[in-house]
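Undergrad: This one is query.cif, mmCIF, C-alpha atoms and all ligand atoms.
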```cif
data_model
loop_
_atom_site.label_atom_id
_atom_site.label_comp_id
_atom_site.auth_asym_id
_atom_site.auth_seq_id
_atom_site.Cartn_x
_atom_site.Cartn_y
_atom_site.Cartn_z
CA MET A 562 11.44 11.93 9.97
CA SER A 563 7.85 12.06 8.65
CA TYR A 564 5.84 8.87 8.22
CA SER A 565 5.87 9.44 4.43
CA LYS A 566 9.68 9.45 4.29
CA LYS A 567 9.83 6.33 6.49
CA ARG A 568 7.33 4.63 4.17
CA TYR A 569 9.24 5.56 1.02
CA LEU A 570 12.43 4.22 2.59
CA THR A 571 10.65 0.97 3.52
CA TYR A 572 9.29 0.65 -0.04
CA LEU A 573 12.78 1.16 -1.49
CA ILE A 574 14.36 -1.49 0.74
CA LEU A 575 11.53 -3.97 0.02
CA THR A 576 11.70 -3.33 -3.75
CA ILE A 577 15.47 -3.90 -3.85
CA PHE A 578 15.06 -7.09 -1.79
CA ILE A 579 12.28 -8.47 -4.04
CA MET A 580 14.17 -7.60 -7.25
CA VAL A 581 17.48 -9.07 -6.09
CA THR A 582 16.29 -12.25 -4.29
CA PRO A 583 15.74 -14.38 -7.47
CA PHE A 584 19.40 -13.82 -8.41
CA ILE A 585 20.82 -14.88 -5.03
CA LYS A 586 22.21 -18.42 -4.90
CA ILE A 587 23.48 -20.38 -1.91
CA ASP A 588 25.63 -23.48 -2.67
CA GLY A 589 24.37 -23.37 -6.26
CA ASN A 590 20.71 -23.37 -5.21
CA HIS A 591 18.34 -20.41 -5.21
CA MET A 592 17.43 -18.50 -2.07
CA LEU A 593 13.70 -18.63 -2.95
CA LEU A 594 12.23 -20.43 -5.95
CA LEU A 595 9.19 -22.60 -6.60
CA SER A 596 10.46 -24.05 -9.84
CA PHE A 597 7.93 -24.80 -12.56
CA VAL A 598 10.87 -26.17 -14.56
CA SER A 599 12.32 -28.80 -12.23
CA TYR A 600 9.25 -29.14 -9.91
CA ASP A 601 11.13 -28.40 -6.71
CA PHE A 602 11.17 -25.73 -4.05
CA HIS A 603 14.35 -23.82 -3.17
CA PHE A 604 14.46 -22.10 0.21
CA LEU A 605 17.60 -20.54 1.69
CA GLY A 606 19.76 -22.78 -0.51
CA ASN A 607 17.96 -26.03 0.45
CA VAL A 608 16.06 -27.92 -2.23
CA TYR A 609 12.82 -29.71 -1.42
CA ASN A 610 11.28 -32.23 -3.78
CA MET A 611 7.57 -31.96 -4.62
CA ASN A 612 7.03 -35.16 -2.55
CA GLU A 613 8.16 -33.27 0.53
CA LEU A 614 5.60 -30.53 0.06
CA PHE A 615 3.14 -32.27 2.38
CA ILE A 616 4.54 -29.86 5.01
CA MET A 617 3.12 -26.94 3.00
CA PRO A 618 -0.32 -26.88 4.72
CA PHE A 619 1.41 -26.61 8.12
CA LEU A 620 3.61 -23.78 6.87
CA LEU A 621 0.55 -22.01 5.49
CA MET A 622 -1.26 -22.47 8.82
CA PHE A 623 1.65 -20.86 10.69
CA LEU A 624 1.76 -18.10 8.08
CA PHE A 625 -1.93 -17.28 8.53
CA ILE A 626 -1.75 -17.46 12.34
CA GLY A 627 1.26 -15.09 12.13
CA ILE A 628 -0.64 -12.67 9.89
CA PHE A 629 -3.68 -12.69 12.18
CA ALA A 630 -1.48 -12.10 15.25
CA MET A 631 0.36 -9.26 13.50
CA THR A 632 -2.95 -7.65 12.50
CA SER A 633 -4.35 -7.97 15.98
CA MET A 634 -1.29 -6.21 17.44
CA PHE A 635 -0.31 -3.73 14.73
CA GLY A 636 -3.45 -3.31 12.61
CA ARG A 637 -3.09 -2.74 8.89
CA VAL A 638 0.64 -2.30 8.99
CA TRP A 639 0.93 -4.58 5.95
CA CYS A 640 -1.51 -2.49 3.87
CA GLY A 641 0.26 0.83 4.22
CA TRP A 642 3.86 -0.29 4.51
CA ALA A 643 4.47 -3.46 2.50
CA CYS A 644 1.53 -4.36 0.25
CA PRO A 645 2.52 -4.31 -3.46
CA GLN A 646 -0.83 -2.65 -4.29
CA THR A 647 0.00 0.34 -2.08
CA ILE A 648 3.62 0.52 -3.29
CA PHE A 649 2.55 0.41 -6.95
CA ARG A 650 -0.09 3.09 -6.36
CA VAL A 651 2.50 5.34 -4.70
CA VAL A 652 4.84 4.80 -7.67
CA TYR A 653 2.11 5.56 -10.23
CA ARG A 654 0.18 8.33 -8.44
CA ASP A 655 2.88 10.06 -6.36
CA LEU A 656 6.03 9.46 -8.41
CA ILE A 657 4.79 9.39 -12.03
CA GLU A 658 1.58 11.48 -11.99
CA THR A 659 2.53 13.96 -9.27
CA PHE A 660 6.33 14.30 -9.13
CA LEU A 661 7.34 13.64 -12.75
CA LEU A 662 4.31 14.85 -14.73
CA LYS A 663 2.94 17.46 -12.29
CA LEU A 664 -0.62 16.28 -12.94
CA ARG A 665 -1.59 16.31 -9.27
CA ARG A 666 -0.69 17.97 -5.99
CA ILE A 667 0.67 15.57 -3.39
CA LYS A 668 -1.34 17.36 -0.66
CA ASN A 669 -4.67 17.01 -2.42
CA LYS A 670 -5.70 13.60 -3.68
CA GLN A 671 -9.40 14.45 -3.84
CA LYS A 672 -9.04 16.81 -6.80
CA ASP A 673 -9.47 15.04 -10.12
CA ILE A 674 -7.09 15.78 -12.99
CA ASP A 675 -8.46 18.33 -15.47
CA TYR A 676 -8.48 16.40 -18.77
CA SER A 677 -10.06 19.27 -20.71
CA LYS A 678 -6.45 20.52 -21.21
CA THR A 679 -4.64 18.79 -24.08
CA SER A 680 -1.31 18.96 -22.21
CA ASN A 681 -2.82 16.93 -19.36
CA LYS A 682 -4.18 14.33 -21.79
CA ILE A 683 -0.70 13.92 -23.33
CA LYS A 684 0.84 13.64 -19.86
CA LYS A 685 -1.72 10.97 -18.94
CA TYR A 686 -0.64 8.86 -21.93
CA ILE A 687 3.04 9.37 -21.05
CA GLY A 688 2.26 8.20 -17.50
CA LEU A 689 0.42 5.18 -18.88
CA ILE A 690 3.37 4.20 -21.10
CA LEU A 691 5.80 4.57 -18.18
CA TRP A 692 3.57 2.37 -16.02
CA ILE A 693 3.26 -0.29 -18.76
CA ILE A 694 7.09 -0.45 -18.97
CA LEU A 695 7.31 -0.78 -15.17
CA SER A 696 4.56 -3.43 -15.25
CA PHE A 697 6.63 -5.57 -17.61
CA ILE A 698 9.61 -5.31 -15.24
CA ILE A 699 7.37 -6.26 -12.28
CA ALA A 700 5.78 -9.17 -14.18
CA ILE A 701 9.14 -10.56 -15.30
CA ASN A 702 10.56 -10.21 -11.79
CA PHE A 703 7.51 -12.07 -10.43
CA MET A 704 8.05 -14.92 -12.91
CA PHE A 705 11.68 -15.24 -11.72
CA TYR A 706 10.26 -16.82 -8.54
CA PHE A 707 8.86 -19.68 -10.67
CA VAL A 708 11.27 -19.83 -13.61
CA PRO A 709 14.93 -19.18 -12.63
CA PRO A 710 16.38 -16.07 -14.31
CA GLU A 711 19.07 -18.10 -16.13
CA ASP A 712 16.38 -20.30 -17.73
CA PHE A 713 14.03 -17.37 -18.31
CA PHE A 714 16.52 -15.47 -20.47
CA GLU A 715 17.26 -18.63 -22.47
CA TYR A 716 13.52 -19.20 -23.06
CA MET A 717 13.00 -15.60 -24.17
CA LYS A 718 15.46 -16.14 -27.04
CA ARG A 719 12.70 -18.34 -28.54
CA PRO A 720 9.44 -16.90 -27.09
CA GLN A 721 7.29 -18.73 -29.68
CA GLU A 722 8.29 -22.02 -27.94
CA HIS A 723 7.25 -20.72 -24.52
CA LEU A 724 3.86 -19.19 -25.16
CA ILE A 725 2.44 -20.06 -21.72
CA LEU A 726 5.22 -18.07 -20.06
CA VAL A 727 4.64 -15.16 -22.44
CA MET A 728 0.90 -15.37 -21.79
CA PHE A 729 1.48 -15.21 -18.02
CA ILE A 730 3.60 -12.08 -18.39
CA PHE A 731 1.03 -10.30 -20.58
CA SER A 732 -1.81 -11.30 -18.22
CA ILE A 733 0.05 -9.87 -15.22
CA VAL A 734 0.80 -6.65 -17.12
CA THR A 735 -2.87 -6.30 -18.14
CA PHE A 736 -3.98 -6.82 -14.55
CA LEU A 737 -1.43 -4.31 -13.20
CA VAL A 738 -2.46 -1.62 -15.67
CA TYR A 739 -6.18 -2.10 -14.98
CA ASP A 740 -5.69 -2.33 -11.22
CA ILE A 741 -3.24 0.53 -10.66
CA VAL A 742 -4.42 3.01 -13.30
CA PHE A 743 -8.18 2.44 -13.30
CA MET A 744 -9.24 0.52 -10.20
CA LYS A 745 -6.92 2.38 -7.81
CA GLU A 746 -7.69 2.12 -4.06
CA HIS A 747 -11.12 0.58 -4.85
CA PHE A 748 -9.16 -2.69 -4.94
CA CYS A 749 -8.40 -2.34 -1.19
CA THR A 750 -12.00 -1.48 -0.34
CA TYR A 751 -14.01 -3.82 -2.58
CA VAL A 752 -11.73 -6.67 -3.72
CA CYS A 753 -9.06 -7.43 -1.12
CA PRO A 754 -10.41 -9.99 1.40
CA TYR A 755 -7.72 -9.09 3.94
CA SER A 756 -9.24 -5.63 4.54
CA ARG A 757 -12.52 -7.30 5.52
CA ILE A 758 -10.97 -9.99 7.74
CA GLN A 759 -8.85 -7.58 9.71
CA SER A 760 -11.79 -5.49 10.86
CA VAL A 761 -12.83 -8.40 13.13
CA LEU A 762 -9.29 -8.82 14.51
CA TYR A 763 -9.07 -5.41 16.14
CA ASP A 764 -9.50 -4.64 19.83
CA ASN A 765 -8.90 -1.49 21.86
CA ASN A 766 -5.16 -2.25 22.12
CA THR A 767 -4.61 -2.72 18.38
CA LYS A 768 -2.29 -0.12 16.90
CA GLN A 769 -4.02 1.86 14.18
CA VAL A 770 -4.38 5.38 12.87
CA VAL A 771 -6.32 7.31 15.48
CA TYR A 772 -7.66 10.83 15.71
CA ASN A 773 -7.51 12.11 19.27
CA HIS A 774 -11.01 13.48 19.73
CA ASN A 775 -10.23 14.37 23.35
CA ARG A 776 -7.84 17.03 22.06
CA GLY A 777 -9.28 17.71 18.62
CA GLY A 778 -12.99 17.51 19.40
CA MET A 779 -15.78 15.31 18.01
CA ILE A 780 -16.43 16.23 14.37
CA TYR A 781 -18.96 13.38 13.98
CA PRO A 782 -20.75 13.18 17.36
CA ASN A 783 -23.64 11.04 16.05
CA ASN A 784 -21.80 9.46 13.15
CA GLU A 785 -23.00 12.46 11.11
CA LYS A 786 -20.66 15.33 10.40
CA SER A 787 -21.94 18.24 12.44
CA ILE A 788 -18.83 20.41 12.82
CA PHE A 789 -17.82 22.13 9.59
CA ASN A 790 -15.69 25.00 10.76
CA VAL A 791 -13.84 26.13 13.82
CA LYS A 792 -16.46 28.77 14.69
CA GLN A 793 -18.80 25.95 15.69
CA TRP A 794 -16.51 24.89 18.55
CA SER A 795 -17.65 25.91 21.99
CA GLY A 796 -14.71 24.74 24.12
CA ASN A 797 -10.96 24.27 23.76
CA GLU A 798 -11.05 21.80 20.87
CA GLU A 799 -7.81 21.97 18.91
CA CYS A 800 -8.80 20.79 15.41
CA THR A 801 -8.60 23.78 13.08
CA THR A 802 -11.07 22.06 10.67
CA CYS A 803 -8.56 22.78 7.88
CA GLU A 804 -9.24 19.28 6.43
CA ALA A 805 -5.61 18.86 5.34
CA CYS A 806 -5.93 15.30 6.68
CA VAL A 807 -9.00 14.68 4.49
CA LYS A 808 -7.55 16.20 1.30
CA VAL A 809 -4.37 14.10 1.48
CA CYS A 810 -6.09 10.74 2.11
CA PRO A 811 -5.58 8.35 -0.83
CA THR A 812 -8.71 6.37 0.06
CA HIS A 813 -10.88 9.50 0.32
CA ILE A 814 -12.01 9.17 3.94
CA ASP A 815 -12.12 11.44 6.96
CA ILE A 816 -10.21 9.68 9.77
CA ARG A 817 -11.81 12.03 12.32
CA LYS A 818 -14.88 9.80 11.94
CA GLY A 819 -12.94 6.88 13.48
CA LEU A 820 -11.72 3.53 12.15
CA GLN A 821 -12.99 2.77 8.64
CA VAL A 822 -12.46 -0.25 6.42
CA GLU A 823 -11.02 1.94 3.63
CA CYS A 824 -8.07 3.15 5.76
CA ILE A 825 -4.79 1.55 4.64
CA ASN A 826 -2.73 2.87 7.56
CA CYS A 827 -0.47 5.02 5.40
CA LEU A 828 -0.44 7.83 8.00
CA GLU A 829 -0.41 10.56 5.36
CA CYS A 830 -3.20 12.24 7.38
CA SER A 831 -0.90 12.26 10.41
CA ASP A 832 1.88 13.98 8.43
CA ALA A 833 -0.62 16.54 7.11
CA CYS A 834 -1.91 17.28 10.61
CA SER A 835 1.67 17.45 11.95
CA SER A 836 2.52 20.22 9.53
CA VAL A 837 -0.67 22.16 10.40
CA MET A 838 -0.36 21.73 14.17
CA GLY A 839 3.44 22.20 14.03
CA LYS A 840 2.91 25.79 12.90
CA LEU A 841 0.83 26.32 16.06
CA GLY A 842 3.53 24.73 18.22
CA LYS A 843 1.40 21.64 18.89
CA LYS A 844 1.61 17.93 18.15
CA SER A 845 -0.45 16.14 15.48
CA LEU A 846 -4.01 15.21 16.47
CA ILE A 847 -3.67 12.02 14.37
CA TYR A 848 -1.10 9.37 15.17
CA TRP A 849 -0.36 5.66 15.20
CA GLY A 850 -1.76 4.47 18.52
CA SER A 851 -4.59 2.44 19.98
CA THR A 852 -8.16 3.28 20.87
CA ASN A 853 -7.10 2.89 24.52
CA SER A 854 -4.45 5.58 24.07
CA VAL A 855 -7.24 8.05 23.21
CA LEU A 856 -9.51 6.85 26.01
CA LEU A 857 -6.78 7.40 28.64
S1 LIG B 901 -7.17 7.89 6.93
FE1 LIG B 901 -6.42 7.98 4.80
S2 LIG B 901 -4.48 9.13 4.94
FE2 LIG B 901 -4.99 8.46 7.02
S3 LIG B 901 -3.90 6.52 7.28
FE3 LIG B 901 -5.99 6.03 6.58
S4 LIG B 901 -5.79 5.87 4.36
FE4 LIG B 901 -3.96 6.94 5.07
S1 LIG B 902 -5.29 18.19 9.65
FE1 LIG B 902 -5.48 18.17 11.89
S2 LIG B 902 -6.23 20.22 12.34
FE2 LIG B 902 -6.62 19.94 10.15
S3 LIG B 902 -8.71 19.08 10.06
FE3 LIG B 902 -7.32 17.34 10.14
S4 LIG B 902 -7.23 16.83 12.36
FE4 LIG B 902 -8.04 18.91 12.20
#
```
Any chance you could put this one into structure tokens?

TA:
Amino acid sequence: MSYSKKRYLTYLILTIFIMVTPFIKIDGNHMLLLSFVSYDFHFLGNVYNMNELFIMPFLLMFLFIGIFAMTSMFGRVWCGWACPQTIFRVVYRDLIETFLLKLRRIKNKQKDIDYSKTSNKIKKYIGLILWIILSFIIAINFMFYFVPPEDFFEYMKRPQEHLILVMFIFSIVTFLVYDIVFMKEHFCTYVCPYSRIQSVLYDNNTKQVVYNHNRGGMIYPNNEKSIFNVKQWSGNEECTTCEACVKVCPTHIDIRKGLQVECINCLECSDACSSVMGKLGKKSLIYWGSTNSVLL
């Protein structure tokens, strides 16, 4: 199974889990709820009063230590496989823009949409409307973790009496539309602090997306791209310089240059290289491994 299919399956399971969790009750209490209504915290059917939340800093400490340890071992596995930003971008770009509206090609994310055509402009607005509808569903589902669904639906019968709740929903929708439609992967590169922190947590054993330059050849020997086509190779280097891995990258980087802060570990470049090298009866030059695995 390709990495893309595994990722889509992971996204589906996570989405179902996140959507269903607010409705799950154990012994009459919610599975997960930080109630803004009754000022208590429900976790796995247990209810904790606000006075007991002094344990929160310790829980947060363990959470952060866990995240740092996970990053040190498995790199940006969160970014590519579980982060809502990545999942929402895949839904908007790959499902709505590419699959439903045929505005893009899944194999080439570098090519901008041609808006000189009226049909493409209309499709863009259809995509925007679809995303706004999905954003409302996401925002409401998010609020279920703070206002129980049973109370939420009661409140929405008289929205004028619950303007703060309504304001929260509209603010989340506005953010989601701006972030997913206009800001795109720039959020991961320029806004998300996690992408910066994790670059100092890596060592040679950290799992990440790696290009095997021992097999493929050094495209950037001095950090500058000096190999542009296969005729420039002198030895047995296997990279065909087709750039399928570059065209498919959602963050617009060339992984053959090595680890870069923009990479979200989605492994789409690995799938692209697999299909190119597969036709030659060889394995992908890009895979999920460690720097040590290339050095060996
Ligand atoms: S280089 Fe691009 S396509 Fe490859 S894993 Fe990183 S973000 Fe994804
Ligand atoms: S897809 Fe593979 S063969 Fe093609 S340029 Fe990228 S690394 Fe080289």

Undergrad: So, with all atoms listed in the file as the atoms that count, which of A:Ile648, A:Cys640, A:Leu662, A:Ile657 lies closest to ligand LIG 901 (chain B)?

TA: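 Using all atoms listed in the file, the shortest distance to ligand LIG 901 (chain B) belongs to A:Cys640.
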
Undergrad: Any residue with an atom at most 9 Å from ligand LIG 902 (chain B) counts, using all atoms listed in the file. Which are they? Put them as a VMD selection string.

TA: chain A and resid 772 to 774 777 to 778 799 to 808 815 to 817 830 to 838 845 to 847

Undergrad: To one decimal in Å, tell me the separation between atom CA of A:Leu828 and atom CA of A:Thr812.

TA: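 Computed distance, atom CA of A:Leu828 to atom CA of A:Thr812, equals 11.6 Å.
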
Undergrad: Near A:Leu605, counting all atoms listed in the file, which residues have an atom at most 8 Å away, once you skip same-chain residues fewer than 4 positions from it, shown as a list of chain:residue names?

TA: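 Skipping anything fewer than 4 positions along the chain leaves A:Ile587, A:His591, A:Met592, A:Leu593.
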
Undergrad: Between A:Ile788, A:Leu614, A:Gly796, A:Gly839, single out the one closest to A:Lys818, counting all atoms listed in the file.

TA: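 Among the listed residues, the smallest separation from A:Lys818 belongs to A:Ile788.
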
Undergrad: Taking into account all atoms listed in the file, which residue in the set A:Lys672, A:Lys718, A:Lys663, A:Arg568 is nearest to ligand LIG 901 (chain B)?

TA: A:Arg568

Undergrad: Might I get the box with edges along x, y and z of the file that holds all atoms of stretch 710-720 of chain A listed there, padded by 4 Å on every side, given as centre and edge lengths in Å to one decimal, as lines of an AutoDock Vina configuration file?

TA:
```
center_x = 14.3
center_y = -17.9
center_z = -21.4
size_x = 17.6
size_y = 12.8
size_z = 22.2
```

Undergrad: If you count all atoms listed in the file, which residues fall within 12 Å of A:Pro811, apart from same-chain ones fewer than 5 positions away, as a list in words?

TA: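 Final neighbour list, sorted by chain and number: Gly641, Thr647, Arg650, Val651, Arg654, Asp655, Arg666, Ile667, Lys668, Asn669, Lys670, Gln671, Lys672, Lys745, Glu746, His747, Cys749, Thr750, Cys806, Ile816, Glu823, Cys824, Ile825, Asn826, Cys827, Leu828, Glu829 and Cys830 of chain A.
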
Undergrad: Write out as a VMD selection string the residues lying within 8 Å of A:Gln759, counting only C-alpha atoms and excluding same-chain residues fewer than 5 positions away.

TA: chain A and resid 629 632 to 633 636 to 637

Undergrad: In terms of the shortest atom-to-atom distance over all atoms listed in the file, which of A:Gln793, A:Asn590, A:Asn784, A:Gln821 is closest to ligand LIG 901 (chain B)?

TA: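 Of the candidates, the smallest distance to ligand LIG 901 (chain B) is held by A:Gln821.
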
Undergrad: Could you check the closest approach to ligand LIG 901 (chain B) for each of A:Trp642, A:Tyr686, A:Phe619, A:Trp794 and tell me which residue wins, using all atoms listed in the file?

TA: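 Checking each of A:Trp642, A:Tyr686, A:Phe619, A:Trp794 against ligand LIG 901 (chain B), counting all atoms listed in the file, the winner is A:Trp642.
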
Undergrad: My list of candidates is A:Gln769, A:Lys792, A:Arg757, A:Gly627. Which is closest to ligand LIG 901 (chain B) when distances are computed with only C-alpha atoms and all ligand atoms?

TA: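 Of A:Gln769, A:Lys792, A:Arg757, A:Gly627, the one nearest ligand LIG 901 (chain B) is A:Gln769, counting only C-alpha atoms and all ligand atoms.
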
Undergrad: So which residues touch A:Ser854 within 12 Å, counting only C-alpha atoms, skipping near sequence neighbours fewer than 3 positions away, as an NGL selection string?

TA: :A and (765-775 or 847-851 or 857)

Undergrad: Select all residues near (0.2, 5.6, -14.0) (cut-off 12 Å, inclusive, file coordinates), counting only C-alpha atoms, and output them as an NGL selection string.

TA: :A and (649-662 or 664-665 or 684-696 or 737-745)

Undergrad: Atom CA of A:Gly842 and atom CA of A:Asn790, how far apart in Å?

TA: 20.6 Å

Undergrad: Tell me, in Å to one decimal, how far atom CA of A:Gly606 is from atom CA of A:Ile577.

TA: 19.6 Å

Undergrad: Can you take the partial stretch 623-647 of chain A, add N, CA and C atoms, and return it as an mmCIF file, in the coordinates of the input?

TA:
```cif
data_model
loop_
_atom_site.group_PDB
_atom_site.id
_atom_site.type_symbol
_atom_site.label_atom_id
_atom_site.label_comp_id
_atom_site.auth_asym_id
_atom_site.auth_seq_id
_atom_site.Cartn_x
_atom_site.Cartn_y
_atom_site.Cartn_z
ATOM 1 N N PHE A 623 0.828 -21.758 9.862
ATOM 2 C CA PHE A 623 1.650 -20.860 10.690
ATOM 3 C C PHE A 623 1.682 -19.450 10.094
ATOM 4 N N LEU A 624 1.730 -19.395 8.756
ATOM 5 C CA LEU A 624 1.760 -18.100 8.080
ATOM 6 C C LEU A 624 0.490 -17.307 8.405
ATOM 7 N N PHE A 625 -0.664 -17.977 8.279
ATOM 8 C CA PHE A 625 -1.930 -17.280 8.530
ATOM 9 C C PHE A 625 -2.075 -16.888 10.002
ATOM 10 N N ILE A 626 -1.674 -17.794 10.904
ATOM 11 C CA ILE A 626 -1.750 -17.460 12.340
ATOM 12 C C ILE A 626 -0.856 -16.235 12.606
ATOM 13 N N GLY A 627 0.336 -16.222 11.968
ATOM 14 C CA GLY A 627 1.260 -15.090 12.130
ATOM 15 C C GLY A 627 0.647 -13.801 11.626
ATOM 16 N N ILE A 628 -0.013 -13.880 10.463
ATOM 17 C CA ILE A 628 -0.640 -12.670 9.890
ATOM 18 C C ILE A 628 -1.760 -12.171 10.795
ATOM 19 N N PHE A 629 -2.569 -13.100 11.309
ATOM 20 C CA PHE A 629 -3.680 -12.690 12.180
ATOM 21 C C PHE A 629 -3.138 -12.043 13.463
ATOM 22 N N ALA A 630 -2.062 -12.648 14.009
ATOM 23 C CA ALA A 630 -1.480 -12.100 15.250
ATOM 24 C C ALA A 630 -0.914 -10.703 14.980
ATOM 25 N N MET A 631 -0.227 -10.563 13.849
ATOM 26 C CA MET A 631 0.360 -9.260 13.500
ATOM 27 C C MET A 631 -0.744 -8.201 13.360
ATOM 28 N N THR A 632 -1.848 -8.600 12.706
ATOM 29 C CA THR A 632 -2.950 -7.650 12.500
ATOM 30 C C THR A 632 -3.576 -7.259 13.826
ATOM 31 N N SER A 633 -3.730 -8.246 14.700
ATOM 32 C CA SER A 633 -4.350 -7.970 15.980
ATOM 33 C C SER A 633 -3.505 -6.990 16.808
ATOM 34 N N MET A 634 -2.165 -7.094 16.653
ATOM 35 C CA MET A 634 -1.290 -6.210 17.440
ATOM 36 C C MET A 634 -1.045 -4.867 16.741
ATOM 37 N N PHE A 635 -0.757 -4.948 15.426
ATOM 38 C CA PHE A 635 -0.310 -3.730 14.730
ATOM 39 C C PHE A 635 -1.253 -3.250 13.629
ATOM 40 N N GLY A 636 -2.457 -3.786 13.580
ATOM 41 C CA GLY A 636 -3.450 -3.310 12.610
ATOM 42 C C GLY A 636 -3.012 -3.533 11.173
ATOM 43 N N ARG A 637 -3.355 -2.564 10.326
ATOM 44 C CA ARG A 637 -3.090 -2.740 8.890
ATOM 45 C C ARG A 637 -1.697 -2.270 8.514
ATOM 46 N N VAL A 638 -0.723 -2.736 9.274
ATOM 47 C CA VAL A 638 0.640 -2.300 8.990
ATOM 48 C C VAL A 638 1.100 -2.828 7.619
ATOM 49 N N TRP A 639 0.592 -4.015 7.255
ATOM 50 C CA TRP A 639 0.930 -4.580 5.950
ATOM 51 C C TRP A 639 0.421 -3.687 4.816
ATOM 52 N N CYS A 640 -0.861 -3.249 4.963
ATOM 53 C CA CYS A 640 -1.510 -2.490 3.870
ATOM 54 C C CYS A 640 -0.739 -1.232 3.515
ATOM 55 N N GLY A 641 -0.369 -0.453 4.513
ATOM 56 C CA GLY A 641 0.260 0.830 4.220
ATOM 57 C C GLY A 641 1.747 0.753 3.964
ATOM 58 N N TRP A 642 2.394 -0.289 4.492
ATOM 59 C CA TRP A 642 3.860 -0.290 4.510
ATOM 60 C C TRP A 642 4.519 -1.364 3.666
ATOM 61 N N ALA A 643 3.790 -2.387 3.248
ATOM 62 C CA ALA A 643 4.470 -3.460 2.500
ATOM 63 C C ALA A 643 3.646 -4.036 1.362
ATOM 64 N N CYS A 644 2.357 -3.732 1.291
ATOM 65 C CA CYS A 644 1.530 -4.360 0.250
ATOM 66 C C CYS A 644 1.931 -3.849 -1.138
ATOM 67 N N PRO A 645 2.148 -4.753 -2.107
ATOM 68 C CA PRO A 645 2.520 -4.310 -3.460
ATOM 69 C C PRO A 645 1.496 -3.337 -4.051
ATOM 70 N N GLN A 646 0.204 -3.548 -3.756
ATOM 71 C CA GLN A 646 -0.830 -2.650 -4.290
ATOM 72 C C GLN A 646 -0.558 -1.207 -3.870
ATOM 73 N N THR A 647 -0.264 -1.008 -2.590
ATOM 74 C CA THR A 647 0.000 0.340 -2.080
ATOM 75 C C THR A 647 1.299 0.897 -2.681
#
```
